[in-house]
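First up is the structure itself, then whatever we jot down about it.
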Amino acid sequence: MTHILIVESSSPSVAELRRSHQRSAPQNFTRVFQSVDPDVRVTTREPYINPLKPSDLDGVDGVVLTGQGDPWAADDLKAEPIRQACEVVFEQAKPSIGVCFGLQIATVVLGGKIVASPNGFETGIAKQIHLTSEVKSHPMMQHRKCGFSVACGHRDEVTEMPKGAVLLASNSHTQVQAKSYAKGPVDFWGIQYHPEVAPSTIAAAFREGKSMFSSSAPPLEDLARVEHDAQAAARLGCSVDDFVLSTRTRELTNWLTYVQSKIG
C-alpha cells in the first residue's frame, strides 16, 4: 500500500474553514490520489500546529507540499514552519511534489527566489501553458500537450530557480509554471498551478467568502461552467477538454505512478 503524507501549508484557521467546505488541500489531493488507486493511504500533518519530525516520515513513500490561503509569502518569517517541514522532507530523501505555495517554499529552501508577480495575480485559470524541451526526459509531463490550461490562483512566482533545477513549463504570465529538482537527497517536482482542483471549486470558494484574489477573478458564471460549457470555456480562452479529470490531474497521477515505481 502506498503511503502519501500531505503537508498542509495553510494556517489552522484557513485550513479549518476549507475543511468545513470539503475543499481543504489535503481533501482535494486525497480525492485525486484515491480516484487513481483507492488503496492509497493518505495522512496529513499541519506544521503550524506541530512541527514536522523525521519520525513522521517513517513508512511514508511520498510527500505533498500544498498551496495555502494566507496572505504571507513563502520567504516571510510567518512561513518558517512550512520551510522547516520542507527541509525535513528533503533531508529524509522522500520523493515530493509542491503545488503553488509548495513550489515556492521548496524554491526558497533550495536557494532560489520568489517575488510578487509584476503581471499581477494569475487567478482562476492559468492558460496556454507550454512545455519546454526538457519534458522529453522527465516523467512529470507525460501525456501533457502544449497549450493546456488548468486551475490556478497565485500572487507570487519564482523569479530565480535553485541552481540545478530544470524548467518544465511556462506561460506568458508566469515563467516558472513547472520545474523539477533532483540533487543529493532531494527529489522534487513543483507546479505553480492547481491540478488538484476544478475551476468550479475555485468559483465556489470565491462565492463563499472574501479572498485576496476576488478582484482579479474571471466571471464566476463562466468559471463555474468551464468544465462542461464550450462557450464559457471559449470566453475564458481555454477548452472543456482541459478539465477532464484524467487530463487536469495529469501531473499528480504521473507523480503517484513515479512514487509507486520507487517502492520496493
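By order of appearance in the C-alpha cells: chains A, B, ..., then residues from 1 within every chain, and ligands from 1 in the order shown.
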* Per-residue DSSP, segment 20-169 of chain A, filtered to strand (DSSP E), as a ChimeraX atom specification -> /A:41-45,62-65,96-99,113-116,122-131,148-154,156-160,166-169
Take the residues just selected and output them with N, CA and C atoms as a compact mmCIF listing (two decimals), in the first residue's frame.
# COMPACT_ATOMS: atom_id res chain seq x y z
N ARG A 41 -2.94 5.14 0.98
CA ARG A 41 -3.13 5.65 2.33
C ARG A 41 -2.63 7.09 2.37
N VAL A 42 -3.45 7.99 2.90
CA VAL A 42 -3.08 9.40 2.97
C VAL A 42 -3.16 9.87 4.42
N THR A 43 -2.09 10.49 4.89
CA THR A 43 -2.09 11.12 6.20
C THR A 43 -1.71 12.59 6.03
N THR A 44 -2.05 13.39 7.03
CA THR A 44 -1.83 14.83 6.95
C THR A 44 -1.09 15.32 8.19
N ARG A 45 -0.20 16.27 7.97
CA ARG A 45 0.46 16.97 9.08
C ARG A 45 0.29 18.47 8.87
N GLY A 62 5.88 9.12 -0.27
CA GLY A 62 5.99 10.39 -0.98
C GLY A 62 5.28 11.48 -0.20
N VAL A 63 5.67 12.74 -0.45
CA VAL A 63 5.16 13.87 0.32
C VAL A 63 4.65 14.96 -0.61
N VAL A 64 3.49 15.51 -0.26
CA VAL A 64 2.90 16.65 -0.96
C VAL A 64 3.03 17.90 -0.10
N LEU A 65 3.56 18.98 -0.67
CA LEU A 65 3.57 20.30 -0.04
C LEU A 65 2.48 21.11 -0.72
N SER A 96 8.97 14.16 -3.45
CA SER A 96 8.00 15.17 -3.04
C SER A 96 7.51 15.96 -4.23
N ILE A 97 6.32 16.54 -4.06
CA ILE A 97 5.74 17.41 -5.07
C ILE A 97 5.16 18.62 -4.35
N GLY A 98 5.40 19.80 -4.89
CA GLY A 98 4.90 21.03 -4.31
C GLY A 98 3.99 21.74 -5.29
N VAL A 99 2.85 22.20 -4.81
CA VAL A 99 1.87 22.88 -5.64
C VAL A 99 1.70 24.31 -5.16
N LYS A 113 14.62 32.21 -5.57
CA LYS A 113 13.95 33.43 -5.13
C LYS A 113 12.53 33.51 -5.69
N ILE A 114 11.66 34.17 -4.92
CA ILE A 114 10.29 34.44 -5.36
C ILE A 114 9.99 35.92 -5.15
N VAL A 115 9.02 36.44 -5.91
CA VAL A 115 8.52 37.81 -5.72
C VAL A 115 7.05 37.83 -6.09
N ALA A 116 6.36 38.90 -5.70
CA ALA A 116 5.02 39.13 -6.21
C ALA A 116 5.13 39.40 -7.70
N GLU A 122 -2.49 35.74 -10.99
CA GLU A 122 -2.96 34.82 -12.03
C GLU A 122 -4.08 34.01 -11.35
N THR A 123 -5.31 34.27 -11.76
CA THR A 123 -6.46 33.82 -10.99
C THR A 123 -7.44 33.03 -11.84
N GLY A 124 -7.93 31.94 -11.26
CA GLY A 124 -8.98 31.15 -11.92
C GLY A 124 -8.41 30.08 -12.82
N ILE A 125 -7.80 30.51 -13.93
CA ILE A 125 -7.24 29.57 -14.89
C ILE A 125 -5.91 30.08 -15.41
N ALA A 126 -4.89 29.24 -15.33
CA ALA A 126 -3.61 29.52 -15.99
C ALA A 126 -3.73 28.99 -17.41
N LYS A 127 -3.58 29.86 -18.39
CA LYS A 127 -3.88 29.50 -19.78
C LYS A 127 -2.62 29.39 -20.63
N GLN A 128 -2.76 28.57 -21.67
CA GLN A 128 -1.71 28.42 -22.68
C GLN A 128 -0.34 28.14 -22.05
N ILE A 129 -0.31 27.06 -21.27
CA ILE A 129 0.95 26.63 -20.66
C ILE A 129 1.71 25.78 -21.67
N HIS A 130 2.94 26.15 -21.92
CA HIS A 130 3.74 25.47 -22.92
C HIS A 130 4.89 24.70 -22.26
N LEU A 131 5.18 23.56 -22.82
CA LEU A 131 6.21 22.68 -22.28
C LEU A 131 7.58 23.02 -22.85
N PHE A 148 -1.92 23.78 -22.76
CA PHE A 148 -3.01 23.38 -21.88
C PHE A 148 -3.34 24.48 -20.88
N SER A 149 -4.52 24.36 -20.28
CA SER A 149 -4.98 25.28 -19.25
C SER A 149 -5.36 24.49 -18.01
N VAL A 150 -5.26 25.12 -16.85
CA VAL A 150 -5.53 24.43 -15.59
C VAL A 150 -5.87 25.45 -14.52
N ALA A 151 -6.57 25.03 -13.50
CA ALA A 151 -6.96 25.94 -12.43
C ALA A 151 -5.74 26.53 -11.73
N CYS A 152 -5.87 27.77 -11.27
CA CYS A 152 -4.74 28.41 -10.58
C CYS A 152 -5.24 29.52 -9.67
N GLY A 153 -4.32 30.06 -8.90
CA GLY A 153 -4.58 31.22 -8.06
C GLY A 153 -3.32 31.56 -7.29
N HIS A 154 -2.57 32.54 -7.78
CA HIS A 154 -1.34 32.90 -7.07
C HIS A 154 -0.97 34.35 -7.31
N ASP A 156 2.44 35.33 -5.95
CA ASP A 156 3.90 35.24 -6.05
C ASP A 156 4.30 34.25 -7.13
N GLU A 157 5.55 34.37 -7.56
CA GLU A 157 6.07 33.45 -8.56
C GLU A 157 7.58 33.32 -8.38
N VAL A 158 8.12 32.26 -8.96
CA VAL A 158 9.56 32.02 -8.89
C VAL A 158 10.26 32.93 -9.91
N THR A 159 11.22 33.71 -9.44
CA THR A 159 12.00 34.56 -10.35
C THR A 159 13.42 34.04 -10.54
N GLU A 160 13.88 33.23 -9.62
CA GLU A 160 15.21 32.63 -9.75
C GLU A 160 15.14 31.19 -9.25
N VAL A 166 15.34 22.28 -13.14
CA VAL A 166 15.04 22.17 -14.57
C VAL A 166 13.65 22.73 -14.83
N LEU A 167 13.56 23.70 -15.72
CA LEU A 167 12.28 24.30 -16.10
C LEU A 167 11.53 23.36 -17.03
N LEU A 168 10.25 23.09 -16.71
CA LEU A 168 9.46 22.15 -17.50
C LEU A 168 8.26 22.78 -18.20
N ALA A 169 7.76 23.91 -17.67
CA ALA A 169 6.59 24.53 -18.31
C ALA A 169 6.51 26.01 -17.95
Which residues of segment 98-208 of chain A come within 8 Å of segment 227-234 of chain A, and for each one, what is the closest pair of atoms and their distance in Å to one decimal, counting only C-alpha atoms, sorted by chain and residue number, as JSON lines?
{"residue": "A:Ala198", "atom": "CA", "partner": "A:Glu227", "partner_atom": "CA", "distance": 7.8}
{"residue": "A:Pro199", "atom": "CA", "partner": "A:Glu227", "partner_atom": "CA", "distance": 7.4}
{"residue": "A:Ser200", "atom": "CA", "partner": "A:Glu227", "partner_atom": "CA", "distance": 7.6}
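Of the listed residues (A:Arg250, A:Arg155, A:Lys262, A:Arg19), A:Arg19 comes nearest to Ala205 of chain A; the distances count only C-alpha atoms.
Remark: for Tyr48 of chain A, the closest of the candidate residues A:Ala165, A:Ala15, A:Phe101, A:Val109 is A:Ala15 (distances computed over only C-alpha atoms).
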* Find the residues near Asp37 of chain A: any atom within 12 Å, counting only C-alpha atoms, skip ones fewer than 3 places away on the same chain, and give them as a list in words. => Met1, Thr2, His3, Ile4, Thr30, Arg31, Val32, Phe33, Gln34, Val40, Arg41, Val42, Thr253, Leu256, Thr257 and Gln260 of chain A
* Write out as a PyMOL selection string all residues of segment 83-226 of chain A that backbone DSSP assigns to helix (DSSP H, G or I). => chain A and resi 83-91+101-109+133-137+139-141+199-208+214-216+220-225
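Across A:Leu110, A:Ala73, A:Met141, A:Arg207, the tightest approach to Arg248 of chain A is made by A:Met141 when counting only C-alpha atoms.
Atom CA of Phe29 of chain A to atom CA of Glu91 of chain A spans 23.3 Å [interatomic distance, one decimal].
Each of A:Val108, A:Leu252, A:Met140, A:Val186 was compared to Gln92 of chain A using only C-alpha atoms, and A:Val186 turns out to be the nearest.
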